Each structure stands twice: as structure tokens, then as C-alpha cells.
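The data block below is upload_32.tsv; it holds TSV, N, CA, C and O atoms.
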chain	number	residue	atom	x	y	z
W	1	MET	N	77.29	-53.79	-171.10
W	1	MET	CA	75.99	-54.36	-170.77
W	1	MET	C	75.43	-53.78	-169.48
W	1	MET	O	74.24	-53.67	-169.31
W	2	ARG	N	76.31	-53.41	-168.58
W	2	ARG	CA	75.86	-52.93	-167.28
W	2	ARG	C	75.21	-51.55	-167.39
W	2	ARG	O	74.28	-51.24	-166.66
W	3	ARG	N	75.69	-50.72	-168.28
W	3	ARG	CA	75.19	-49.35	-168.40
W	3	ARG	C	73.70	-49.29	-168.79
W	3	ARG	O	72.96	-48.54	-168.16
W	4	PRO	N	73.23	-50.05	-169.78
W	4	PRO	CA	71.80	-49.99	-170.11
W	4	PRO	C	70.91	-50.47	-168.96
W	4	PRO	O	69.81	-49.95	-168.76
W	5	VAL	N	71.38	-51.43	-168.19
W	5	VAL	CA	70.60	-51.93	-167.06
W	5	VAL	C	70.44	-50.83	-166.01
W	5	VAL	O	69.36	-50.62	-165.47
W	6	LEU	N	71.51	-50.08	-165.76
W	6	LEU	CA	71.44	-48.99	-164.80
W	6	LEU	C	70.51	-47.88	-165.28
W	6	LEU	O	69.79	-47.27	-164.47
W	7	LEU	N	70.50	-47.62	-166.57
W	7	LEU	CA	69.59	-46.61	-167.10
W	7	LEU	C	68.13	-47.03	-166.94
W	7	LEU	O	67.27	-46.21	-166.61
W	8	VAL	N	67.86	-48.30	-167.14
W	8	VAL	CA	66.49	-48.81	-166.96
W	8	VAL	C	66.08	-48.73	-165.49
W	8	VAL	O	64.97	-48.31	-165.17
W	9	VAL	N	66.99	-49.10	-164.60
W	9	VAL	CA	66.69	-49.03	-163.16
W	9	VAL	C	66.45	-47.59	-162.75
W	9	VAL	O	65.48	-47.29	-162.03
W	10	ARG	N	67.29	-46.67	-163.21
W	10	ARG	CA	67.09	-45.25	-162.89
W	10	ARG	C	65.74	-44.76	-163.40
W	10	ARG	O	65.03	-44.04	-162.70
W	11	ALA	N	65.39	-45.14	-164.62
W	11	ALA	CA	64.12	-44.70	-165.20
W	11	ALA	C	62.94	-45.24	-164.39
W	11	ALA	O	61.96	-44.52	-164.14
W	12	LEU	N	63.01	-46.49	-163.97
W	12	LEU	CA	61.93	-47.09	-163.19
W	12	LEU	C	61.81	-46.43	-161.81
W	12	LEU	O	60.70	-46.18	-161.34
W	13	VAL	N	62.94	-46.14	-161.18
W	13	VAL	CA	62.92	-45.50	-159.87
W	13	VAL	C	62.33	-44.10	-159.98
W	13	VAL	O	61.47	-43.70	-159.19
W	14	VAL	N	62.77	-43.35	-160.98
W	14	VAL	CA	62.26	-41.99	-161.17
W	14	VAL	C	60.76	-42.02	-161.48
W	14	VAL	O	59.98	-41.22	-160.94
W	15	ALA	N	60.34	-42.93	-162.33
W	15	ALA	CA	58.92	-43.03	-162.67
W	15	ALA	C	58.09	-43.41	-161.44
W	15	ALA	O	57.01	-42.84	-161.20
W	16	GLY	N	58.56	-44.35	-160.65
W	16	GLY	CA	57.84	-44.75	-159.45
W	16	GLY	C	57.72	-43.62	-158.44
W	16	GLY	O	56.66	-43.41	-157.84
W	17	LEU	N	58.80	-42.87	-158.26
W	17	LEU	CA	58.75	-41.74	-157.34
W	17	LEU	C	57.85	-40.63	-157.86
W	17	LEU	O	57.18	-39.94	-157.08
W	18	ALA	N	57.82	-40.43	-159.17
W	18	ALA	CA	56.93	-39.41	-159.75
W	18	ALA	C	55.47	-39.80	-159.53
W	18	ALA	O	54.64	-38.94	-159.18
W	19	VAL	N	55.15	-41.06	-159.69
W	19	VAL	CA	53.78	-41.52	-159.43
W	19	VAL	C	53.45	-41.37	-157.95
W	19	VAL	O	52.34	-40.93	-157.59
W	20	ASP	N	54.39	-41.70	-157.09
W	20	ASP	CA	54.20	-41.55	-155.66
W	20	ASP	C	53.90	-40.09	-155.31
W	20	ASP	O	52.97	-39.80	-154.55
W	21	ALA	N	54.66	-39.16	-155.87
W	21	ALA	CA	54.45	-37.74	-155.60
W	21	ALA	C	53.09	-37.28	-156.11
W	21	ALA	O	52.37	-36.55	-155.42
W	22	TYR	N	52.71	-37.71	-157.30
W	22	TYR	CA	51.42	-37.32	-157.87
W	22	TYR	C	50.26	-37.81	-157.00
W	22	TYR	O	49.34	-37.06	-156.70
W	23	VAL	N	50.32	-39.05	-156.60
W	23	VAL	CA	49.23	-39.63	-155.80
W	23	VAL	C	49.12	-38.91	-154.46
W	23	VAL	O	48.02	-38.58	-154.01
W	24	HIS	N	50.26	-38.65	-153.82
W	24	HIS	CA	50.21	-37.96	-152.53
W	24	HIS	C	49.67	-36.54	-152.68
W	24	HIS	O	48.89	-36.08	-151.84
W	25	LEU	N	50.08	-35.83	-153.72
W	25	LEU	CA	49.56	-34.48	-153.93
W	25	LEU	C	48.07	-34.50	-154.26
W	25	LEU	O	47.31	-33.63	-153.83
W	26	HIS	N	47.65	-35.49	-155.02
W	26	HIS	CA	46.25	-35.61	-155.41
W	26	HIS	C	45.35	-35.88	-154.20
W	26	HIS	O	44.23	-35.37	-154.11
W	27	LEU	N	45.83	-36.68	-153.27
W	27	LEU	CA	45.02	-37.06	-152.11
W	27	LEU	C	45.17	-36.12	-150.92
W	27	LEU	O	44.40	-36.22	-149.96
W	28	ALA	N	46.13	-35.21	-150.95
W	28	ALA	CA	46.44	-34.38	-149.79
W	28	ALA	C	45.25	-33.54	-149.34
W	28	ALA	O	45.01	-33.39	-148.13
W	29	GLY	N	44.51	-32.98	-150.27
W	29	GLY	CA	43.38	-32.13	-149.90
W	29	GLY	C	42.32	-32.84	-149.09
W	29	GLY	O	41.75	-32.27	-148.14
W	30	ASN	N	42.03	-34.07	-149.43
W	30	ASN	CA	41.01	-34.83	-148.71
W	30	ASN	C	41.43	-35.16	-147.28
W	30	ASN	O	40.59	-35.22	-146.39
W	31	TYR	N	42.71	-35.38	-147.08
W	31	TYR	CA	43.18	-35.74	-145.75
W	31	TYR	C	43.35	-34.52	-144.85
W	31	TYR	O	43.43	-34.66	-143.63
W	32	GLN	N	43.39	-33.33	-145.42
W	32	GLN	CA	43.54	-32.13	-144.61
W	32	GLN	C	42.22	-31.74	-143.95
W	32	GLN	O	42.22	-30.99	-142.98
W	33	LEU	N	41.11	-32.24	-144.45
W	33	LEU	CA	39.79	-31.86	-143.91
W	33	LEU	C	39.62	-32.26	-142.45
W	33	LEU	O	38.86	-31.63	-141.72
W	34	ALA	N	40.32	-33.28	-142.01
W	34	ALA	CA	40.16	-33.75	-140.63
W	34	ALA	C	40.74	-32.76	-139.62
W	34	ALA	O	40.24	-32.66	-138.51
W	35	ALA	N	41.78	-32.03	-139.99
W	35	ALA	CA	42.40	-31.06	-139.09
W	35	ALA	C	42.78	-29.82	-139.89
W	35	ALA	O	43.94	-29.61	-140.21
W	36	PRO	N	41.80	-28.97	-140.25
W	36	PRO	CA	42.08	-27.85	-141.14
W	36	PRO	C	43.07	-26.83	-140.57
W	36	PRO	O	43.76	-26.16	-141.33
W	37	ASP	N	43.15	-26.69	-139.25
W	37	ASP	CA	44.05	-25.70	-138.66
W	37	ASP	C	45.36	-26.31	-138.17
W	37	ASP	O	46.31	-25.58	-137.89
W	38	GLY	N	45.42	-27.62	-138.05
W	38	GLY	CA	46.62	-28.26	-137.52
W	38	GLY	C	47.52	-28.78	-138.62
W	38	GLY	O	47.41	-28.40	-139.78
W	39	ILE	N	48.41	-29.65	-138.22
W	39	ILE	CA	49.33	-30.25	-139.19
W	39	ILE	C	48.52	-31.09	-140.16
W	39	ILE	O	48.62	-30.93	-141.36
W	40	GLY	N	47.73	-31.99	-139.66
W	40	GLY	CA	46.84	-32.79	-140.50
W	40	GLY	C	47.54	-33.73	-141.44
W	40	GLY	O	48.72	-33.60	-141.75
W	41	GLY	N	46.78	-34.69	-141.91
W	41	GLY	CA	47.31	-35.67	-142.84
W	41	GLY	C	47.64	-35.09	-144.20
W	41	GLY	O	48.54	-35.56	-144.88
W	42	GLY	N	46.91	-34.05	-144.60
W	42	GLY	CA	47.16	-33.44	-145.89
W	42	GLY	C	48.55	-32.84	-145.99
W	42	GLY	O	49.24	-33.00	-147.00
W	43	ASN	N	48.98	-32.16	-144.93
W	43	ASN	CA	50.33	-31.60	-144.94
W	43	ASN	C	51.40	-32.69	-144.91
W	43	ASN	O	52.45	-32.55	-145.52
W	44	LEU	N	51.11	-33.76	-144.20
W	44	LEU	CA	52.05	-34.88	-144.21
W	44	LEU	C	52.14	-35.50	-145.60
W	44	LEU	O	53.23	-35.89	-146.04
W	45	PHE	N	51.01	-35.56	-146.31
W	45	PHE	CA	51.03	-36.08	-147.67
W	45	PHE	C	51.83	-35.15	-148.58
W	45	PHE	O	52.54	-35.59	-149.47
W	46	ARG	N	51.71	-33.83	-148.37
W	46	ARG	CA	52.47	-32.87	-149.18
W	46	ARG	C	53.97	-33.00	-148.91
W	46	ARG	O	54.78	-32.90	-149.83
W	47	ILE	N	54.33	-33.24	-147.66
W	47	ILE	CA	55.75	-33.44	-147.33
W	47	ILE	C	56.26	-34.70	-148.00
W	47	ILE	O	57.37	-34.72	-148.55
W	48	GLU	N	55.48	-35.76	-147.97
W	48	GLU	CA	55.88	-37.01	-148.63
W	48	GLU	C	56.04	-36.80	-150.13
W	48	GLU	O	56.99	-37.31	-150.74
W	49	ALA	N	55.16	-36.02	-150.74
W	49	ALA	CA	55.28	-35.73	-152.18
W	49	ALA	C	56.54	-34.95	-152.47
W	49	ALA	O	57.24	-35.22	-153.45
W	50	ALA	N	56.86	-33.98	-151.63
W	50	ALA	CA	58.07	-33.19	-151.83
W	50	ALA	C	59.32	-34.07	-151.70
W	50	ALA	O	60.26	-33.95	-152.50
W	51	LEU	N	59.33	-34.94	-150.72
W	51	LEU	CA	60.47	-35.85	-150.55
W	51	LEU	C	60.61	-36.79	-151.75
W	51	LEU	O	61.73	-37.09	-152.18
W	52	ALA	N	59.50	-37.26	-152.28
W	52	ALA	CA	59.54	-38.13	-153.45
W	52	ALA	C	60.10	-37.39	-154.66
W	52	ALA	O	60.89	-37.95	-155.43
W	53	LEU	N	59.71	-36.14	-154.83
W	53	LEU	CA	60.24	-35.36	-155.96
W	53	LEU	C	61.74	-35.09	-155.79
W	53	LEU	O	62.50	-35.17	-156.76
W	54	ILE	N	62.16	-34.79	-154.57
W	54	ILE	CA	63.59	-34.57	-154.32
W	54	ILE	C	64.38	-35.84	-154.60
W	54	ILE	O	65.44	-35.81	-155.23
W	55	ALA	N	63.87	-36.97	-154.13
W	55	ALA	CA	64.55	-38.25	-154.37
W	55	ALA	C	64.62	-38.56	-155.86
W	55	ALA	O	65.66	-39.03	-156.35
W	56	ALA	N	63.54	-38.29	-156.59
W	56	ALA	CA	63.54	-38.55	-158.03
W	56	ALA	C	64.57	-37.67	-158.74
W	56	ALA	O	65.30	-38.15	-159.62
W	57	LEU	N	64.65	-36.43	-158.35
W	57	LEU	CA	65.64	-35.53	-158.96
W	57	LEU	C	67.06	-35.96	-158.63
W	57	LEU	O	67.95	-35.90	-159.48
W	58	LEU	N	67.28	-36.40	-157.40
W	58	LEU	CA	68.62	-36.88	-157.03
W	58	LEU	C	69.03	-38.09	-157.86
W	58	LEU	O	70.16	-38.17	-158.34
W	59	VAL	N	68.12	-39.03	-158.02
W	59	VAL	CA	68.44	-40.22	-158.80
W	59	VAL	C	68.65	-39.86	-160.27
W	59	VAL	O	69.53	-40.41	-160.93
W	60	LEU	N	67.89	-38.89	-160.75
W	60	LEU	CA	68.01	-38.48	-162.15
W	60	LEU	C	69.30	-37.72	-162.42
W	60	LEU	O	69.99	-37.97	-163.41
W	61	VAL	N	69.64	-36.80	-161.53
W	61	VAL	CA	70.78	-35.92	-161.75
W	61	VAL	C	72.08	-36.51	-161.23
W	61	VAL	O	73.14	-36.35	-161.84
W	62	ARG	N	72.01	-37.18	-160.08
W	62	ARG	CA	73.22	-37.68	-159.42
W	62	ARG	C	73.03	-39.15	-159.05
W	62	ARG	O	72.71	-39.48	-157.91
W	63	PRO	N	73.22	-40.06	-160.00
W	63	PRO	CA	72.96	-41.48	-159.73
W	63	PRO	C	74.07	-42.16	-158.92
W	63	PRO	O	74.81	-43.00	-159.42
W	64	GLN	N	74.17	-41.78	-157.68
W	64	GLN	CA	75.14	-42.39	-156.78
W	64	GLN	C	74.42	-43.29	-155.80
W	64	GLN	O	73.21	-43.17	-155.62
W	65	PRO	N	75.15	-44.17	-155.14
W	65	PRO	CA	74.49	-45.06	-154.18
W	65	PRO	C	73.70	-44.33	-153.10
W	65	PRO	O	72.63	-44.78	-152.69
W	66	SER	N	74.21	-43.19	-152.64
W	66	SER	CA	73.49	-42.45	-151.60
W	66	SER	C	72.13	-41.95	-152.11
W	66	SER	O	71.17	-41.90	-151.35
W	67	SER	N	72.05	-41.61	-153.38
W	67	SER	CA	70.78	-41.18	-153.95
W	67	SER	C	69.78	-42.33	-153.97
W	67	SER	O	68.59	-42.14	-153.68
W	68	PHE	N	70.26	-43.51	-154.33
W	68	PHE	CA	69.38	-44.68	-154.35
W	68	PHE	C	68.96	-45.09	-152.94
W	68	PHE	O	67.83	-45.54	-152.74
W	69	VAL	N	69.83	-44.91	-151.97
W	69	VAL	CA	69.46	-45.20	-150.57
W	69	VAL	C	68.36	-44.25	-150.13
W	69	VAL	O	67.37	-44.66	-149.51
W	70	PHE	N	68.52	-42.95	-150.43
W	70	PHE	CA	67.50	-41.98	-150.07
W	70	PHE	C	66.18	-42.30	-150.77
W	70	PHE	O	65.11	-42.24	-150.17
W	71	ALA	N	66.24	-42.66	-152.05
W	71	ALA	CA	65.03	-43.00	-152.80
W	71	ALA	C	64.35	-44.24	-152.19
W	71	ALA	O	63.12	-44.30	-152.10
W	72	THR	N	65.14	-45.19	-151.75
W	72	THR	CA	64.57	-46.40	-151.13
W	72	THR	C	63.88	-46.04	-149.82
W	72	THR	O	62.78	-46.52	-149.54
W	73	LEU	N	64.51	-45.19	-149.01
W	73	LEU	CA	63.91	-44.80	-147.73
W	73	LEU	C	62.61	-44.03	-147.95
W	73	LEU	O	61.63	-44.24	-147.24
W	74	VAL	N	62.59	-43.15	-148.95
W	74	VAL	CA	61.37	-42.40	-149.25
W	74	VAL	C	60.29	-43.36	-149.74
W	74	VAL	O	59.12	-43.24	-149.35
W	75	SER	N	60.66	-44.32	-150.57
W	75	SER	CA	59.68	-45.28	-151.08
W	75	SER	C	59.10	-46.14	-149.97
W	75	SER	O	57.92	-46.48	-149.99
W	76	LEU	N	59.92	-46.48	-149.00
W	76	LEU	CA	59.43	-47.28	-147.87
W	76	LEU	C	58.50	-46.49	-146.98
W	76	LEU	O	57.65	-47.06	-146.29
W	77	GLY	N	58.65	-45.16	-146.99
W	77	GLY	CA	57.80	-44.31	-146.15
W	77	GLY	C	56.42	-44.22	-146.71
W	77	GLY	O	55.44	-43.97	-146.11

So, in terms of C-alpha cells, how does the structure I just supplied come out?
Amino acid sequence: MRRPVLLVVRALVVAGLAVDAYVHLHLAGNYQLAAPDGIGGGNLFRIEAALALIAALLVLVRPQPSSFVFATLVSLG
């Protein structure tokens, strides 16, 4: 019984992180306009999207507690 529950949790975490990455990538261009030559919000949004994708892949490929901790920290960010 425990195995199907873990698969559902993994699927929900991966889906949530994928949506997080998509939204950040979609909005990144608009936030970069404020500082086109500097770091700007757009680049920070791109970094957040990359971290979300890495966390999703970790949870998908290596479902260990450390992967879920990393995914939680990225989600809180």
C-alpha cells in the first residue's frame, strides 16, 4: 500500500516543480526589462526555473529523502 502512495507523491512533486519552472521561464523576460545589463529579476527567475527542473529530475530519477528536501527548499524559494 505504501508504494502507490509514494508514486503519487512523486508525481505531484514533479508536476508542481515543472509548473514552477514553466511559470518562471515564461515571466523571466518581463522582469529583465528593469535591468537589461545587470543581473536583473529575469536572470533570477531563470535560475529559479533551472533549480526547479533539477529538483524535479532528482525526485523523478532518485527518490531519496535528500531529493525531497532539495525539492522542498526550491519550492519554498

TODO: Identify, on the basis of only N, CA, C and O atoms, every residue whose closest approach to W:Ala49 does not exceed 7 Å; exclude the query and any residue fewer than 6 positions from it along the same chain; express the result as a list of chain:residue names.
DONE: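 In the requested form, the answer reads W:Leu17, W:Asp20, W:Ala21, W:Tyr22, W:His24, W:Leu25, W:Asn43, W:Ala55.
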
Using only N, CA, C and O atoms, the residue out of W:Val59, W:Val9, W:Leu51, W:Leu33 with shortest distance to W:Ser75 is W:Leu51

Rank nothing, just name the residue among W:Arg3, W:Asn30, W:Leu44, W:Arg10 nearest to W:Pro65, using only C-alpha atoms.
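Of all the options, W:Arg10 lies closest to W:Pro65.
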
Open item on the list: Report, in Å with one decimal, the straight-line distance from atom CA of W:Arg46 to atom CA of W:Arg62.
Closed with: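 Between these atoms lies a distance of 23.6 Å.
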
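A straight-line distance of 11.8 Å separates atom O of W:Phe45 from atom CA of W:Ala18.
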
| request: May I ask which of the residues W:Val61, W:Val69, W:Gly42, W:Val14 is the closest one to W:Leu27, counting only N, CA, C and O atoms? | output: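 The answer is W:Gly42, which sits nearest to W:Leu27.
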
**Request:** To one decimal in Å, tell me the separation between atom CA of W:Ile39 and atom CA of W:Val74.
**Result:**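 About the pair atom CA of W:Ile39 and atom CA of W:Val74: they are 19.8 Å apart.
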
Compare W:Val5, W:Val23, W:Leu53, W:Ala28 by their minimum atom-to-atom distance to W:Gly41, counting all atoms listed in the file, and give me the closest one.
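Distance minimum relative to W:Gly41 lands on W:Ala28.
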
Counting only N, CA, C and O atoms, the residue among W:Ala71, W:Leu6, W:Leu76, W:Leu12 that lies closest to W:Leu58 is W:Ala71
